[in-house]
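*Asks:* Coordinates in run24.txt, compact mmCIF, C-alpha atoms (C1' of nucleotides), are listed below.
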# COMPACT_ATOMS: atom_id res chain seq x y z
CA MET K 1 69.20 5.47 -147.78
CA ALA K 2 71.70 7.74 -149.42
CA ALA K 3 71.66 11.40 -148.54
CA GLU K 4 70.47 13.93 -151.08
CA SER K 5 73.95 15.31 -151.52
CA THR K 6 75.23 11.82 -152.32
CA LYS K 7 72.57 11.41 -154.98
CA ARG K 8 73.52 14.75 -156.48
CA ILE K 9 77.17 13.72 -156.59
CA LEU K 10 76.22 10.48 -158.35
CA TYR K 11 74.14 12.44 -160.84
CA ALA K 12 77.00 14.86 -161.52
CA LEU K 13 79.44 11.98 -161.98
CA ARG K 14 77.20 10.23 -164.46
CA SER K 15 76.70 13.43 -166.43
CA ILE K 16 80.36 13.61 -167.46
CA PRO K 17 80.40 12.37 -171.07
CA PRO K 18 83.06 10.07 -172.53
CA GLY K 19 86.17 11.95 -173.56
CA ARG K 20 85.73 14.58 -170.88
CA THR K 21 87.08 14.95 -167.35
CA ALA K 22 86.19 16.86 -164.18
CA SER K 23 87.89 17.55 -160.88
CA TYR K 24 86.71 16.21 -157.54
CA GLY K 25 85.99 19.75 -156.45
CA ALA K 26 84.09 20.68 -159.61
CA ILE K 27 81.85 17.63 -159.25
CA ALA K 28 81.15 18.49 -155.63
CA GLU K 29 80.37 22.05 -156.63
CA ALA K 30 78.02 20.87 -159.39
CA ALA K 31 76.32 18.78 -156.72
CA GLY K 32 75.85 21.82 -154.53
CA ILE K 33 78.59 21.02 -152.05
CA PRO K 34 81.27 23.68 -152.61
CA LYS K 35 83.76 22.07 -150.25
CA GLY K 36 82.73 18.49 -150.74
CA ALA K 37 85.64 17.24 -152.82
CA ARG K 38 86.34 14.54 -150.27
CA GLN K 39 82.79 13.29 -150.52
CA VAL K 40 83.45 12.63 -154.18
CA VAL K 41 86.64 10.81 -153.22
CA ARG K 42 84.80 8.73 -150.68
CA ILE K 43 81.99 7.84 -153.05
CA LEU K 44 84.38 6.85 -155.81
CA ASN K 45 86.45 4.82 -153.39
CA SER K 46 83.53 2.91 -151.93
CA MET K 47 80.94 2.65 -154.68
CA GLY K 48 82.93 3.37 -157.81
CA ARG K 49 82.82 -0.27 -158.86
CA SER K 50 79.43 -1.42 -157.72
CA GLU K 51 77.64 1.62 -159.10
CA ASN K 52 79.39 1.59 -162.46
CA LEU K 53 80.63 5.13 -162.11
CA PRO K 54 83.04 6.70 -164.63
CA TRP K 55 85.70 7.06 -161.93
CA TRP K 56 88.53 7.39 -164.47
CA ARG K 57 87.09 10.72 -165.69
CA VAL K 58 87.78 12.32 -162.33
CA LEU K 59 91.06 14.16 -161.86
CA ARG K 60 92.66 16.59 -159.45
CA LYS K 61 92.00 20.27 -159.95
CA ASP K 62 95.30 20.68 -161.78
CA GLY K 63 94.31 17.97 -164.25
CA SER K 64 96.52 15.24 -162.84
CA ILE K 65 95.62 11.64 -162.00
CA ALA K 66 95.28 11.23 -158.26
CA LEU K 67 95.85 7.47 -158.12
CA PRO K 68 99.42 6.32 -157.46
CA GLU K 69 101.46 4.21 -159.88
CA GLY K 70 100.74 0.59 -159.22
CA GLY K 71 97.53 1.63 -157.53
CA GLY K 72 95.31 2.38 -160.47
CA PHE K 73 97.28 5.09 -162.25
CA GLU K 74 98.05 2.96 -165.31
CA LEU K 75 94.47 1.71 -165.63
CA GLN K 76 93.02 5.20 -165.36
CA LYS K 77 95.44 6.51 -167.95
CA ALA K 78 94.55 3.66 -170.31
CA LEU K 79 90.81 4.19 -169.86
CA LEU K 80 91.14 7.92 -170.54
CA GLU K 81 93.21 7.28 -173.64
CA SER K 82 90.61 4.79 -174.85
CA GLU K 83 88.23 7.77 -174.92
CA ASN K 84 90.79 9.83 -176.83
CA VAL K 85 91.77 11.95 -173.84
CA GLU K 86 95.46 12.80 -174.03
CA VAL K 87 97.43 12.05 -170.88
CA ASP K 88 101.10 12.93 -170.65
CA ARG K 89 103.74 10.82 -168.96
CA SER K 90 103.26 12.46 -165.60
CA GLY K 91 99.55 11.70 -165.75
CA ARG K 92 98.32 15.14 -166.64
CA VAL K 93 95.38 16.14 -168.81
CA ASP K 94 94.77 19.54 -170.40
CA ARG K 95 91.63 20.97 -168.78
CA GLN K 96 91.14 23.48 -171.56
CA ARG K 97 90.67 20.68 -174.07
CA PHE K 98 89.16 17.84 -172.03
CA GLY K 99 87.58 19.48 -169.02
CA TRP K 100 83.81 19.18 -168.71
CA ASP K 101 81.74 22.28 -168.03
CA PHE K 102 78.79 21.34 -165.80
CA SER K 103 76.93 24.53 -166.65
CA LEU K 104 76.27 23.28 -170.18
C1' DG X 1 87.66 6.81 -138.23
C1' DC X 2 87.82 6.81 -143.26
C1' DC X 3 88.74 8.99 -147.93
C1' DA X 4 91.77 9.05 -154.94
C1' DT X 5 91.07 16.93 -152.16
C1' DG X 6 92.43 21.49 -152.01
C1' DG X 7 93.97 25.75 -150.15
C1' DC X 8 97.06 27.90 -147.35
C1' DT X 9 101.28 28.45 -144.37
C1' DA X 10 106.13 27.63 -142.79
C1' DG X 11 110.70 27.00 -143.31
C1' DT X 12 114.75 26.51 -146.25
C1' DA X 13 117.73 27.57 -150.51
C1' DG L 1 103.05 20.00 -143.79
C1' DC L 2 98.56 21.11 -141.75
C1' DC L 3 93.70 20.84 -141.46
C1' DA L 4 88.59 21.85 -142.80
C1' DT L 5 85.15 19.31 -145.15
C1' DG L 6 80.94 15.83 -144.75
C1' DG L 7 78.54 11.65 -145.44
C1' DC L 8 79.22 6.80 -144.52
C1' DT L 9 78.69 1.19 -150.46
C1' DA L 10 82.00 -2.54 -144.85
C1' DG L 11 82.13 -6.54 -142.74
C1' DT L 12 80.27 -9.10 -139.25
C1' DA L 13 76.16 -10.91 -136.52
Please re-express this file's structure in structure tokens.

*Replies:*
Amino acid sequence: MAAESTKRILYALRSIPPGRTASYGAIAEAAGIPKGARQVVRILNSMGRSENLPWWRVLRKDGSIALPEGGGFELQKALLESENVEVDRSGRVDRQRFGWDFSL
DNA sequence: GCCATGGCTAGTA
DNA sequence: GCCATGGCTAGTA
């Protein structure tokens, strides 16, 4: 039985539309856990696949891809670009243009 | 004990 | 570089 906070994180994750991105911290905040960024990390790491979560739309607070090269970086970049999100060579996305605002 | 964070400090140039 | 944060969807029996 998943905890309420976990359900809220899942809900927040699934509410990010294609072509938009959000930071681990912002998702946690939207789920009512101000300092729960690592919960988001943990959830993505463990149930990202099985639960069909849009894990590639989650970035660090500065808009960069957290995954290392050879460890998912390339795939995440490709998935974002397939949704028309621009990612520069260093793996950075412009939050002003592609960041999702959960208060909408 | 684990985890793909994030914020803050220390020590060097 | 350090450390608070917080829920546990891993693999075996």

*Asks:* For range 9-11 of chain X, list every protein, DNA or RNA residue within 12 Å, evaluated using all atoms listed in the file, and leave out those in the same chain fewer than 5 positions away; present the list as a list of chain:residue names.

*Replies:*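 The residues satisfying every condition are L:DG1, L:DC2, L:DC3.
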
*Asks:* Ranking K:Val41, K:Leu53, K:Leu79, K:Met47 by minimum distance to chain L and counting only C-alpha atoms (C1' of nucleotides), which one comes first?

*Replies:*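 With only C-alpha atoms (C1' of nucleotides) as the atom set, the closest residue is K:Met47.
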
*Asks:* May I have the residues of chain K within 8 Å of chain X, counting only C-alpha atoms (C1' of nucleotides), written as a PyMOL selection string?

*Replies:* chain K and resi 24-25+37-39+41-42+44-45+60+66-67

*Asks:* Could you please determine the separation between CA of Val93 in chain K and CA of Glu51 in chain K in Å, to one decimal place?

*Replies:* 24.9 Å

*Asks:* If I take CA of Ala31 in chain K and CA of Tyr11 in chain K, how far is one from the other in Å, to one decimal?

*Replies:*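 CA of Tyr11 in chain K lies 7.9 Å from CA of Ala31 in chain K.
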
*Asks:* Between CA of Leu104 in chain K and CA of Ile9 in chain K, what is the spacing in Å?

*Replies:* 16.6 Å

*Asks:* Provide an axis-aligned box for all listed atoms of chain L, padding each side by 8 Å; report its centre and its edge lengths in Å to one decimal, as AutoDock Vina command-line options.

*Replies:*
--center_x 89.6 --center_y 5.5 --center_z -143.5 --size_x 42.9 --size_y 48.8 --size_z 29.9

*Asks:* I'd like to know which of K:Glu81, K:Glu29, K:Asp101, K:Glu69 is closest to Arg8 in chain K, using only C-alpha atoms.

*Replies:* K:Glu29

*Asks:* When distances are computed from only C-alpha atoms, which of K:Asp88, K:Asp94, K:Glu83, K:Glu4 shows the smallest separation from Gly63 in chain K?

*Replies:*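 Result for the nearest residue to Gly63 in chain K: K:Asp94.
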